[in-house]
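Student: Just query.cif, nothing more (mmCIF, C-alpha atoms):
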data_entry
loop_
_atom_site.group_PDB
_atom_site.id
_atom_site.type_symbol
_atom_site.label_atom_id
_atom_site.label_comp_id
_atom_site.auth_asym_id
_atom_site.auth_seq_id
_atom_site.Cartn_x
_atom_site.Cartn_y
_atom_site.Cartn_z
ATOM 1 C CA MET A 158 -3.637 23.133 -14.175
ATOM 2 C CA GLY A 159 -3.270 22.938 -10.404
ATOM 3 C CA GLY A 160 -1.059 26.002 -10.292
ATOM 4 C CA TYR A 161 -3.611 28.059 -12.193
ATOM 5 C CA ALA A 162 -6.391 26.793 -9.939
ATOM 6 C CA ASP A 163 -4.440 27.673 -6.776
ATOM 7 C CA ALA A 164 -3.832 31.144 -8.182
ATOM 8 C CA GLY A 165 -7.576 31.649 -8.633
ATOM 9 C CA ARG A 166 -7.353 31.863 -12.415
ATOM 10 C CA LEU A 167 -9.761 29.024 -13.241
ATOM 11 C CA LEU A 168 -13.540 28.865 -13.075
ATOM 12 C CA ASP A 169 -15.085 26.298 -10.753
ATOM 13 C CA LEU A 170 -17.584 24.270 -12.809
ATOM 14 C CA THR A 171 -17.989 21.323 -10.466
ATOM 15 C CA GLU A 172 -21.778 21.436 -10.293
ATOM 16 C CA GLU A 173 -22.194 21.989 -14.020
ATOM 17 C CA LEU A 174 -19.780 19.241 -15.166
ATOM 18 C CA LYS A 175 -19.909 16.565 -12.473
ATOM 19 C CA ASP A 176 -22.543 14.461 -14.238
ATOM 20 C CA ILE A 177 -21.070 14.478 -17.760
ATOM 21 C CA PRO A 178 -20.629 10.838 -18.904
ATOM 22 C CA CYS A 179 -16.930 9.937 -18.989
ATOM 23 C CA SER A 180 -14.445 7.654 -17.305
ATOM 24 C CA PRO A 181 -13.519 8.441 -13.677
ATOM 25 C CA ALA A 182 -9.921 8.999 -14.794
ATOM 26 C CA ALA A 183 -11.017 11.612 -17.338
ATOM 27 C CA ARG A 184 -12.920 13.472 -14.641
ATOM 28 C CA GLN A 185 -9.982 13.214 -12.264
ATOM 29 C CA ALA A 186 -7.633 14.653 -14.879
ATOM 30 C CA MET A 187 -9.597 17.915 -14.913
ATOM 31 C CA THR A 188 -10.132 18.023 -11.150
ATOM 32 C CA TRP A 189 -7.967 19.836 -8.652
ATOM 33 C CA LYS A 190 -8.524 19.669 -4.899
ATOM 34 C CA GLY A 191 -12.062 18.410 -5.373
ATOM 35 C CA LYS A 192 -13.137 21.010 -7.930
ATOM 36 C CA ILE A 193 -13.757 20.392 -11.634
ATOM 37 C CA TYR A 194 -12.428 23.039 -14.012
ATOM 38 C CA GLY A 195 -12.979 21.512 -17.436
ATOM 39 C CA VAL A 196 -13.311 18.409 -19.581
ATOM 40 C CA ALA A 197 -10.921 16.003 -21.299
ATOM 41 C CA PRO A 198 -12.493 14.175 -24.251
ATOM 42 C CA PHE A 199 -9.290 12.609 -25.639
ATOM 43 C CA PHE A 200 -6.357 10.842 -24.046
ATOM 44 C CA ALA A 201 -3.110 9.097 -24.883
ATOM 45 C CA ILE A 202 -2.461 6.142 -22.579
ATOM 46 C CA ALA A 203 0.223 3.505 -22.382
ATOM 47 C CA GLY A 204 -0.647 -0.157 -22.574
ATOM 48 C CA VAL A 205 0.689 -3.464 -23.842
ATOM 49 C CA PHE A 206 0.494 -4.029 -27.588
ATOM 50 C CA VAL A 207 0.403 -7.800 -28.062
ATOM 51 C CA ASN A 208 1.042 -9.841 -31.220
ATOM 52 C CA GLU A 209 -2.001 -12.096 -30.917
ATOM 53 C CA ASP A 210 -0.876 -14.443 -33.704
ATOM 54 C CA ILE A 211 2.348 -15.233 -31.854
ATOM 55 C CA PHE A 212 0.471 -15.723 -28.594
ATOM 56 C CA ALA A 213 -1.959 -18.095 -30.307
ATOM 57 C CA LYS A 214 0.863 -20.051 -31.964
ATOM 58 C CA TYR A 215 2.492 -20.787 -28.589
ATOM 59 C CA ASN A 216 -0.785 -21.134 -26.690
ATOM 60 C CA LEU A 217 -0.100 -18.078 -24.531
ATOM 61 C CA LYS A 218 -2.644 -16.013 -22.656
ATOM 62 C CA VAL A 219 -2.348 -12.240 -22.342
ATOM 63 C CA PRO A 220 -0.840 -11.767 -18.858
ATOM 64 C CA THR A 221 -2.784 -10.046 -16.105
ATOM 65 C CA THR A 222 0.017 -10.204 -13.504
ATOM 66 C CA ILE A 223 3.730 -9.424 -13.610
ATOM 67 C CA ALA A 224 4.498 -13.059 -12.754
ATOM 68 C CA GLU A 225 2.412 -14.242 -15.705
ATOM 69 C CA MET A 226 4.160 -11.729 -17.947
ATOM 70 C CA GLU A 227 7.540 -13.160 -16.943
ATOM 71 C CA LYS A 228 6.406 -16.706 -17.755
ATOM 72 C CA VAL A 229 5.149 -15.528 -21.143
ATOM 73 C CA ALA A 230 8.455 -13.763 -21.805
ATOM 74 C CA ASP A 231 10.427 -16.897 -20.897
ATOM 75 C CA THR A 232 8.342 -18.998 -23.291
ATOM 76 C CA LEU A 233 8.819 -16.480 -26.081
ATOM 77 C CA LEU A 234 12.589 -16.401 -25.535
ATOM 78 C CA ALA A 235 12.725 -20.193 -25.621
ATOM 79 C CA ASN A 236 11.091 -20.057 -29.052
ATOM 80 C CA GLY A 237 13.378 -17.388 -30.478
ATOM 81 C CA ILE A 238 10.918 -14.492 -30.144
ATOM 82 C CA GLN A 239 11.983 -11.215 -28.513
ATOM 83 C CA PRO A 240 9.453 -10.636 -25.715
ATOM 84 C CA PHE A 241 9.460 -6.813 -25.795
ATOM 85 C CA ALA A 242 10.268 -4.144 -28.332
ATOM 86 C CA VAL A 243 11.419 -0.981 -26.560
ATOM 87 C CA GLY A 244 13.571 1.405 -28.638
ATOM 88 C CA ALA A 245 15.755 2.436 -25.693
ATOM 89 C CA ARG A 246 18.285 4.310 -27.837
ATOM 90 C CA ASP A 247 15.791 7.183 -27.937
ATOM 91 C CA LYS A 248 15.649 7.128 -24.103
ATOM 92 C CA TRP A 249 12.037 8.278 -23.586
ATOM 93 C CA PRO A 250 10.478 4.940 -24.697
ATOM 94 C CA VAL A 251 11.866 3.359 -21.511
ATOM 95 C CA LEU A 252 9.618 5.577 -19.370
ATOM 96 C CA ALA A 253 6.185 3.983 -19.872
ATOM 97 C CA MET A 254 7.153 0.574 -18.498
ATOM 98 C CA TYR A 255 9.084 2.106 -15.597
ATOM 99 C CA MET A 256 6.096 4.250 -14.654
ATOM 100 C CA TYR A 257 3.937 1.132 -14.554
ATOM 101 C CA PHE A 258 6.508 -0.750 -12.473
ATOM 102 C CA VAL A 259 6.691 2.104 -9.948
ATOM 103 C CA ASN A 260 2.908 2.295 -9.817
ATOM 104 C CA ARG A 261 2.492 -1.434 -9.365
ATOM 105 C CA TYR A 262 4.953 -1.432 -6.449
ATOM 106 C CA GLY A 263 3.913 1.819 -4.779
ATOM 107 C CA GLY A 264 0.551 2.904 -6.165
ATOM 108 C CA MET A 265 -0.375 6.308 -7.574
ATOM 109 C CA GLU A 266 1.145 8.033 -4.543
ATOM 110 C CA ALA A 267 4.689 6.786 -5.270
ATOM 111 C CA PHE A 268 5.396 9.373 -7.951
ATOM 112 C CA ALA A 269 2.957 11.957 -6.604
ATOM 113 C CA ASN A 270 4.771 12.019 -3.257
ATOM 114 C CA ALA A 271 8.191 12.285 -4.888
ATOM 115 C CA GLN A 272 6.991 15.110 -7.101
ATOM 116 C CA ALA A 273 5.440 16.931 -4.137
ATOM 117 C CA ARG A 274 8.660 16.376 -2.160
ATOM 118 C CA LYS A 275 7.019 14.140 0.390
ATOM 119 C CA ALA A 276 9.212 11.215 -0.682
ATOM 120 C CA ARG A 277 12.503 10.697 -2.495
ATOM 121 C CA PHE A 278 13.075 9.493 -6.040
ATOM 122 C CA ASP A 279 15.233 6.722 -4.602
ATOM 123 C CA ALA A 280 12.430 5.503 -2.326
ATOM 124 C CA GLU A 281 11.678 1.785 -2.215
ATOM 125 C CA PRO A 282 9.067 1.614 -5.036
ATOM 126 C CA MET A 283 11.403 3.494 -7.391
ATOM 127 C CA VAL A 284 14.364 1.250 -6.586
ATOM 128 C CA LYS A 285 12.399 -2.005 -6.801
ATOM 129 C CA ALA A 286 10.963 -0.930 -10.155
ATOM 130 C CA ALA A 287 14.451 -0.131 -11.487
ATOM 131 C CA GLN A 288 15.807 -3.446 -10.232
ATOM 132 C CA LEU A 289 13.008 -5.330 -11.969
ATOM 133 C CA TYR A 290 13.668 -3.433 -15.201
ATOM 134 C CA GLN A 291 17.354 -4.309 -14.975
ATOM 135 C CA GLU A 292 16.577 -7.950 -14.213
ATOM 136 C CA TRP A 293 14.349 -8.201 -17.277
ATOM 137 C CA ALA A 294 17.119 -6.684 -19.393
ATOM 138 C CA LYS A 295 19.589 -9.261 -18.045
ATOM 139 C CA ARG A 296 17.182 -12.055 -18.959
ATOM 140 C CA GLY A 297 17.076 -10.776 -22.539
ATOM 141 C CA TYR A 298 13.444 -9.670 -22.514
ATOM 142 C CA PHE A 299 14.341 -6.546 -24.532
ATOM 143 C CA GLY A 300 16.599 -8.287 -27.015
ATOM 144 C CA PRO A 301 20.392 -8.560 -27.203
ATOM 145 C CA THR A 302 21.004 -4.856 -27.937
ATOM 146 C CA PRO A 303 18.086 -2.789 -26.540
ATOM 147 C CA LEU A 304 20.205 0.368 -26.297
ATOM 148 C CA GLY A 305 21.043 0.050 -29.979
ATOM 149 C CA GLU A 306 17.423 0.103 -31.128
ATOM 150 C CA ALA A 307 15.529 3.336 -31.751
ATOM 151 C CA TYR A 308 11.777 3.708 -31.380
ATOM 152 C CA GLY A 309 11.327 3.162 -35.111
ATOM 153 C CA ASP A 310 13.285 -0.082 -34.815
ATOM 154 C CA ALA A 311 10.924 -1.215 -32.053
ATOM 155 C CA GLN A 312 7.948 -0.591 -34.316
ATOM 156 C CA GLN A 313 9.536 -2.647 -37.084
ATOM 157 C CA LEU A 314 10.176 -5.552 -34.708
ATOM 158 C CA MET A 315 6.470 -5.605 -33.906
ATOM 159 C CA ALA A 316 5.436 -5.083 -37.528
ATOM 160 C CA THR A 317 7.486 -8.047 -38.698
ATOM 161 C CA GLY A 318 6.583 -10.429 -35.872
ATOM 162 C CA LYS A 319 10.086 -10.486 -34.387
ATOM 163 C CA ALA A 320 8.878 -9.057 -31.071
ATOM 164 C CA ALA A 321 5.667 -10.079 -29.335
ATOM 165 C CA MET A 322 4.907 -7.132 -27.024
ATOM 166 C CA HIS A 323 5.442 -3.379 -26.990
ATOM 167 C CA VAL A 324 4.647 -1.213 -23.960
ATOM 168 C CA THR A 325 3.966 2.197 -25.447
ATOM 169 C CA GLY A 326 1.305 4.809 -26.068
ATOM 170 C CA SER A 327 -2.058 4.515 -27.763
ATOM 171 C CA TRP A 328 -0.826 6.804 -30.551
ATOM 172 C CA MET A 329 0.449 3.569 -32.126
ATOM 173 C CA CYS A 330 -3.087 2.200 -32.522
ATOM 174 C CA ALA A 331 -3.519 3.684 -35.982
ATOM 175 C CA GLN A 332 -0.163 2.397 -37.233
ATOM 176 C CA TYR A 333 -0.407 -1.094 -35.758
ATOM 177 C CA ALA A 334 -3.927 -1.393 -37.198
ATOM 178 C CA ASP A 335 -2.790 -0.330 -40.686
ATOM 179 C CA PRO A 336 -2.469 -3.338 -43.049
ATOM 180 C CA ASP A 337 -0.011 -1.328 -45.138
ATOM 181 C CA PHE A 338 2.303 -1.159 -42.100
ATOM 182 C CA THR A 339 1.983 -4.689 -40.712
ATOM 183 C CA ASP A 340 0.290 -7.978 -41.515
ATOM 184 C CA GLN A 341 0.455 -9.048 -37.857
ATOM 185 C CA LYS A 342 -2.685 -9.214 -35.696
ATOM 186 C CA ILE A 343 -1.970 -6.886 -32.786
ATOM 187 C CA GLY A 344 -4.146 -6.120 -29.764
ATOM 188 C CA PHE A 345 -4.034 -3.545 -26.956
ATOM 189 C CA TYR A 346 -4.257 -4.587 -23.295
ATOM 190 C CA PRO A 347 -3.882 -2.979 -19.847
ATOM 191 C CA PHE A 348 -0.551 -3.378 -18.096
ATOM 192 C CA PRO A 349 -0.572 -6.277 -15.612
ATOM 193 C CA ILE A 350 -0.780 -5.856 -11.849
ATOM 194 C CA LEU A 351 1.854 -6.913 -9.324
ATOM 195 C CA GLU A 352 0.460 -9.386 -6.841
ATOM 196 C CA GLY A 353 0.986 -7.924 -3.388
ATOM 197 C CA GLY A 354 1.721 -4.467 -4.833
ATOM 198 C CA LYS A 355 -0.271 -1.267 -4.351
ATOM 199 C CA GLY A 356 -1.019 -0.321 -7.964
ATOM 200 C CA LYS A 357 -4.306 -1.359 -9.534
ATOM 201 C CA ALA A 358 -5.242 -2.568 -13.012
ATOM 202 C CA THR A 359 -7.366 0.568 -13.317
ATOM 203 C CA ASP A 360 -4.308 2.830 -12.819
ATOM 204 C CA PHE A 361 -3.133 4.052 -16.225
ATOM 205 C CA MET A 362 -0.107 5.987 -17.370
ATOM 206 C CA GLY A 363 -0.699 8.679 -19.976
ATOM 207 C CA GLN A 364 -2.003 12.186 -20.411
ATOM 208 C CA THR A 365 -4.839 14.253 -21.745
ATOM 209 C CA ASP A 366 -4.485 14.497 -25.503
ATOM 210 C CA ILE A 367 -7.118 17.217 -25.833
ATOM 211 C CA GLY A 368 -8.601 18.987 -22.819
ATOM 212 C CA PHE A 369 -10.466 22.203 -22.136
ATOM 213 C CA ALA A 370 -10.327 24.229 -18.913
ATOM 214 C CA ALA A 371 -12.357 27.360 -18.217
ATOM 215 C CA THR A 372 -10.644 30.475 -16.866
ATOM 216 C CA ARG A 373 -12.266 32.949 -14.491
ATOM 217 C CA VAL A 374 -12.663 35.348 -17.433
ATOM 218 C CA ALA A 375 -15.364 32.964 -18.649
ATOM 219 C CA ALA A 376 -17.555 33.747 -15.636
ATOM 220 C CA GLU A 377 -19.423 36.434 -17.570
ATOM 221 C CA ASN A 378 -20.341 33.880 -20.247
ATOM 222 C CA LYS A 379 -20.624 30.857 -18.012
ATOM 223 C CA GLU A 380 -23.742 29.467 -19.655
ATOM 224 C CA ALA A 381 -22.177 29.496 -23.123
ATOM 225 C CA VAL A 382 -18.927 28.027 -21.849
ATOM 226 C CA VAL A 383 -20.722 25.170 -20.120
ATOM 227 C CA ARG A 384 -22.731 24.523 -23.276
ATOM 228 C CA PHE A 385 -19.509 24.315 -25.303
ATOM 229 C CA LEU A 386 -17.815 21.990 -22.799
ATOM 230 C CA LYS A 387 -20.792 19.661 -22.712
ATOM 231 C CA TYR A 388 -20.868 19.563 -26.514
ATOM 232 C CA ALA A 389 -17.109 18.841 -26.541
ATOM 233 C CA MET A 390 -17.939 15.718 -24.504
ATOM 234 C CA SER A 391 -20.791 14.610 -26.759
ATOM 235 C CA VAL A 392 -20.777 11.549 -28.988
ATOM 236 C CA GLU A 393 -21.447 13.773 -32.001
ATOM 237 C CA ALA A 394 -18.442 16.017 -31.433
ATOM 238 C CA CYS A 395 -16.017 13.259 -30.446
ATOM 239 C CA SER A 396 -16.969 11.035 -33.378
ATOM 240 C CA ALA A 397 -15.368 13.569 -35.711
ATOM 241 C CA GLU A 398 -11.901 12.765 -34.290
ATOM 242 C CA LEU A 399 -10.647 9.438 -35.624
ATOM 243 C CA GLY A 400 -7.074 9.285 -34.378
ATOM 244 C CA ARG A 401 -7.320 9.387 -30.588
ATOM 245 C CA ILE A 402 -8.860 7.315 -27.841
ATOM 246 C CA CYS A 403 -11.941 8.894 -26.321
ATOM 247 C CA SER A 404 -13.159 9.092 -22.732
ATOM 248 C CA VAL A 405 -16.789 9.537 -23.810
ATOM 249 C CA PRO A 406 -18.951 6.374 -23.807
ATOM 250 C CA GLY A 407 -20.622 5.498 -27.079
ATOM 251 C CA VAL A 408 -18.046 6.978 -29.452
ATOM 252 C CA LYS A 409 -17.280 4.512 -32.244
ATOM 253 C CA ALA A 410 -13.591 3.840 -32.701
ATOM 254 C CA PRO A 411 -12.076 3.904 -36.211
ATOM 255 C CA ASN A 412 -10.326 0.533 -35.806
ATOM 256 C CA ARG A 413 -10.150 -2.470 -33.489
ATOM 257 C CA LEU A 414 -6.985 -1.337 -31.701
ATOM 258 C CA THR A 415 -8.349 2.098 -30.879
ATOM 259 C CA GLU A 416 -11.557 0.417 -29.736
ATOM 260 C CA MET A 417 -9.579 -1.843 -27.398
ATOM 261 C CA ALA A 418 -7.606 1.076 -25.965
ATOM 262 C CA SER A 419 -10.777 3.133 -25.499
ATOM 263 C CA ALA A 420 -12.514 0.216 -23.792
ATOM 264 C CA ALA A 421 -9.578 -0.175 -21.419
ATOM 265 C CA PHE A 422 -9.603 3.515 -20.607
ATOM 266 C CA THR A 423 -13.319 3.625 -19.851
ATOM 267 C CA LYS A 424 -12.489 1.349 -16.885
ATOM 268 C CA ALA A 425 -9.639 3.572 -15.712
ATOM 269 C CA GLU A 426 -10.053 5.030 -12.245
ATOM 270 C CA ALA A 427 -6.890 7.128 -12.261
ATOM 271 C CA ILE A 428 -4.343 8.385 -14.765
ATOM 272 C CA GLN A 429 -0.796 9.406 -13.961
ATOM 273 C CA PHE A 430 0.617 11.932 -16.388
ATOM 274 C CA TRP A 431 3.889 11.249 -18.204
ATOM 275 C CA TRP A 432 6.689 12.111 -15.810
ATOM 276 C CA ASP A 433 8.739 13.845 -18.496
ATOM 277 C CA GLN A 434 5.759 16.135 -19.174
ATOM 278 C CA ASP A 435 4.815 16.669 -15.530
ATOM 279 C CA LEU A 436 8.244 17.539 -14.092
ATOM 280 C CA PRO A 437 10.184 20.782 -14.648
ATOM 281 C CA PRO A 438 12.041 20.783 -17.996
ATOM 282 C CA THR A 439 15.426 21.121 -16.267
ATOM 283 C CA ILE A 440 15.150 17.606 -14.807
ATOM 284 C CA THR A 441 13.393 15.708 -17.595
ATOM 285 C CA SER A 442 16.469 15.004 -19.718
ATOM 286 C CA PRO A 443 18.417 13.730 -16.690
ATOM 287 C CA LEU A 444 15.407 11.536 -15.908
ATOM 288 C CA THR A 445 15.424 9.789 -19.277
ATOM 289 C CA ASP A 446 19.232 9.507 -19.142
ATOM 290 C CA THR A 447 18.848 7.742 -15.802
ATOM 291 C CA LEU A 448 16.141 5.371 -17.017
ATOM 292 C CA GLN A 449 18.137 4.349 -20.058
ATOM 293 C CA GLN A 450 20.956 3.112 -17.814
ATOM 294 C CA PHE A 451 18.616 0.661 -16.063
ATOM 295 C CA LEU A 452 19.099 -1.580 -19.102
ATOM 296 C CA LEU A 453 22.830 -1.898 -18.441
ATOM 297 C CA PRO A 454 23.567 -5.108 -16.504
ATOM 298 C CA ASN A 455 26.185 -3.776 -14.083
ATOM 299 C CA THR A 456 24.855 -0.361 -13.140
ATOM 300 C CA ASP A 457 23.890 0.399 -9.544
ATOM 301 C CA VAL A 458 20.303 1.503 -10.112
ATOM 302 C CA LYS A 459 19.844 2.748 -6.556
ATOM 303 C CA ARG A 460 22.877 5.002 -6.898
ATOM 304 C CA LEU A 461 21.524 6.297 -10.209
ATOM 305 C CA LEU A 462 18.235 7.176 -8.536
ATOM 306 C CA THR A 463 20.027 8.792 -5.583
ATOM 307 C CA ASN A 464 22.001 10.971 -7.989
ATOM 308 C CA TYR A 465 18.761 11.938 -9.684
ATOM 309 C CA GLU A 466 17.194 12.723 -6.307
ATOM 310 C CA LEU A 467 20.075 15.097 -5.537
ATOM 311 C CA LEU A 468 19.415 16.916 -8.803
ATOM 312 C CA VAL A 469 15.703 17.159 -7.987
ATOM 313 C CA GLU A 470 16.574 18.598 -4.567
ATOM 314 C CA GLU A 471 18.652 21.310 -6.254
ATOM 315 C CA THR A 472 15.834 22.093 -8.706
ATOM 316 C CA ILE A 473 12.639 21.672 -6.678
ATOM 317 C CA GLY A 474 13.823 21.316 -3.114
ATOM 318 C CA PRO A 475 14.438 18.606 -0.507
ATOM 319 C CA VAL A 476 11.840 16.282 0.927
ATOM 320 C CA GLN A 477 9.828 18.078 3.618
#
Please go through the file and, once you have read it, give me the structure as structure tokens.
Tutor:
Amino acid sequence: MGGYADAGRLLDLTEELKDIPCSPAARQAMTWKGKIYGVAPFFAIAGVFVNEDIFAKYNLKVPTTIAEMEKVADTLLANGIQPFAVGARDKWPVLAMYMYFVNRYGGMEAFANAQARKARFDAEPMVKAAQLYQEWAKRGYFGPTPLGEAYGDAQQLMATGKAAMHVTGSWMCAQYADPDFTDQKIGFYPFPILEGGKGKATDFMGQTDIGFAATRVAAENKEAVVRFLKYAMSVEACSAELGRICSVPGVKAPNRLTEMASAAFTKAEAIQFWWDQDLPPTITSPLTDTLQQFLLPNTDVKRLLTNYELLVEETIGPVQ
């Protein structure tokens, strides 16, 4: 959207839309350089799906810090439960947790600066996040053969109570809430913070699921366009969509999991879009190839990230 805004192709609706009830992150998603160009009623965000029955059985609390999450994972391992389902064979499922790790170390600016070529993809937050991912793999947090499990396998591990947590997108709310799919009690929670890190609990990874932006062609019918956008952000309109989490307060969720994800998102202050959707297509496959290798115990993750940085320099340009 930013490129279209910079080219003068979008219609500035800041005054008309600034007071529409929604989460700060939803407003930020449709804002570019301080100007609002549209609305985003629905989002897909990543969070931690937790098997609440397993947690209750072992007297575990849902972690709010990375250190707490490690203690929980150690307890689960000691009791024969795989801490995390991941589905790394399909590559892209590795991304959500890595994005959170990078954010928790370096804040929202860590990726934004690398994307804008103000920092490298092998900068400290990126490397520390990769090292933590690799360390967790070595400890067995993702099971004995994480690279052998596809995303569907990860879902089955959660559905059968063999894994206790799954860091993935809110699109799984409907499935994990379906009694025909699983008899496990599963909840949705924000990703923990890193004590001493820059990222905040209100920083979410995800993307607009449905959004509307107004082009400059709409200037002649500005009143009608604004009326449509305001209706798109109304409780009445959003209540008709049952399968996505909503950024509009007061919209009733179709199930408990979607309600939990929506409640988490209403507290979001910022959302970082999926890297593989926000980077040029020529470097997204190499990105997921790189992330997948973090789960190998003997790989040099810094070298992997440096190699990826070199590819980004060829595609986008060097750090300025």
Student: Please provide the set of residues having any atom within 6 Å of Arg373 of chain A, restricted to all atoms listed in the file, with same-chain residues fewer than 4 positions apart removed, written as a JSON list (two decimals) with C-alpha atoms, in the coordinates of the input.
Tutor:
[["chain", "number", "residue", "atom", "x", "y", "z"],
["A", 166, "ARG", "CA", -7.35, 31.86, -12.42],
["A", 167, "LEU", "CA", -9.76, 29.02, -13.24],
["A", 168, "LEU", "CA", -13.54, 28.86, -13.08]]
Student: Of the candidates A:Ala162, A:Ala397, A:Met256, A:Leu217, which shows the shortest atom-to-atom distance to Ile193 of chain A, using only C-alpha atoms?
Tutor: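 Once distances to Ile193 of chain A are computed over only C-alpha atoms, the minimum belongs to A:Ala162.
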Student: Selected by the PyMOL selection byres ((chain A and resi 184) around 9) in the shown coordinates: which residues, as a list in words?
Tutor: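 So the PyMOL selection byres ((chain A and resi 184) around 9), applied here, picks out Leu174, Lys175, Ile177, Cys179, Ser180, Pro181, Ala182, Ala183, Gln185, Ala186, Met187, Thr188, Ile193, Gly195, Val196 and Ala197 of chain A.
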Student: Need the shell around segment 400-408 of chain A: protein/DNA/RNA residues with any atom at most 9 Å away, counting only C-alpha atoms. Skip same-chain ones fewer than 2 positions apart. Format as a ChimeraX atom specification?
Tutor: /A:177-180,182-183,197-202,327-328,330-331,366,390-393,395-396,398,410-411,415-416,418-420,422-423
Student: Which value, in Å to one decimal, gives the distance between atom CA of Ile223 of chain A and atom CA of Glu209 of chain A?
Tutor: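 Computing the Euclidean distance for atom CA of Ile223 of chain A and atom CA of Glu209 of chain A yields 18.4 Å.
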Student: How would you write, as a ChimeraX atom specification, the residues chosen by the PyMOL selection byres ((chain A and resi 462) around 8) on this structure?
Tutor: /A:278-279,283-284,447,458-461,463-466
Student: Where does segment 271-317 of chain A meet segment 336-349 of chain A within 12 Å, residue by residue, with the nearest atom pair and distance in Å to one decimal for each, counting all atoms listed in the file, listed by chain and rising number, as CSV?
Tutor:
residue,atom,partner,partner_atom,distance
A:Gln312,CA,A:Phe338,CA,9.6
A:Gln313,CA,A:Thr339,CA,8.6
A:Leu314,CA,A:Thr339,CA,10.2
A:Met315,CA,A:Gln341,CA,8.0
A:Ala316,CA,A:Thr339,CA,4.7
A:Thr317,CA,A:Thr339,CA,6.8
Student: Grab all the atoms of segment 231-237 of chain A that the file lists, wrap them in a box along x, y and z, add 5 Å per side, and give me centre plus edge lengths in Å (one decimal) as lines of an AutoDock Vina configuration file.
Tutor:
center_x = 10.9
center_y = -18.3
center_z = -25.7
size_x = 15.0
size_y = 13.8
size_z = 19.6
Student: Quick check on the file I pasted: which residues fall under the PyMOL selection byres ((chain A and resi 282) around 9)? Write them as a PyMOL selection string.
Tutor: chain A and resi 258-264+267+278-281+283-287
Student: Of the candidates A:Pro250, A:Gly474, A:Gly191, A:Pro301, which one gets nearest to Thr171 of chain A if we count all atoms listed in the file?
Tutor: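 Going through A:Pro250, A:Gly474, A:Gly191, A:Pro301 one by one, the smallest distance to Thr171 of chain A is for A:Gly191.
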Student: Name the closest residue to Ile440 of chain A among the candidates A:Thr456, A:Thr232, A:Gln332, A:Gln272; distances are taken between atoms, counting all atoms listed in the file.
Tutor: A:Gln272
Student: In terms of the shortest atom-to-atom distance over only C-alpha atoms, which of A:Tyr298, A:Trp293, A:Tyr194, A:Trp189 is closest to Phe369 of chain A?
Tutor: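 Ranked by minimum distance to Phe369 of chain A, first place goes to A:Tyr194.
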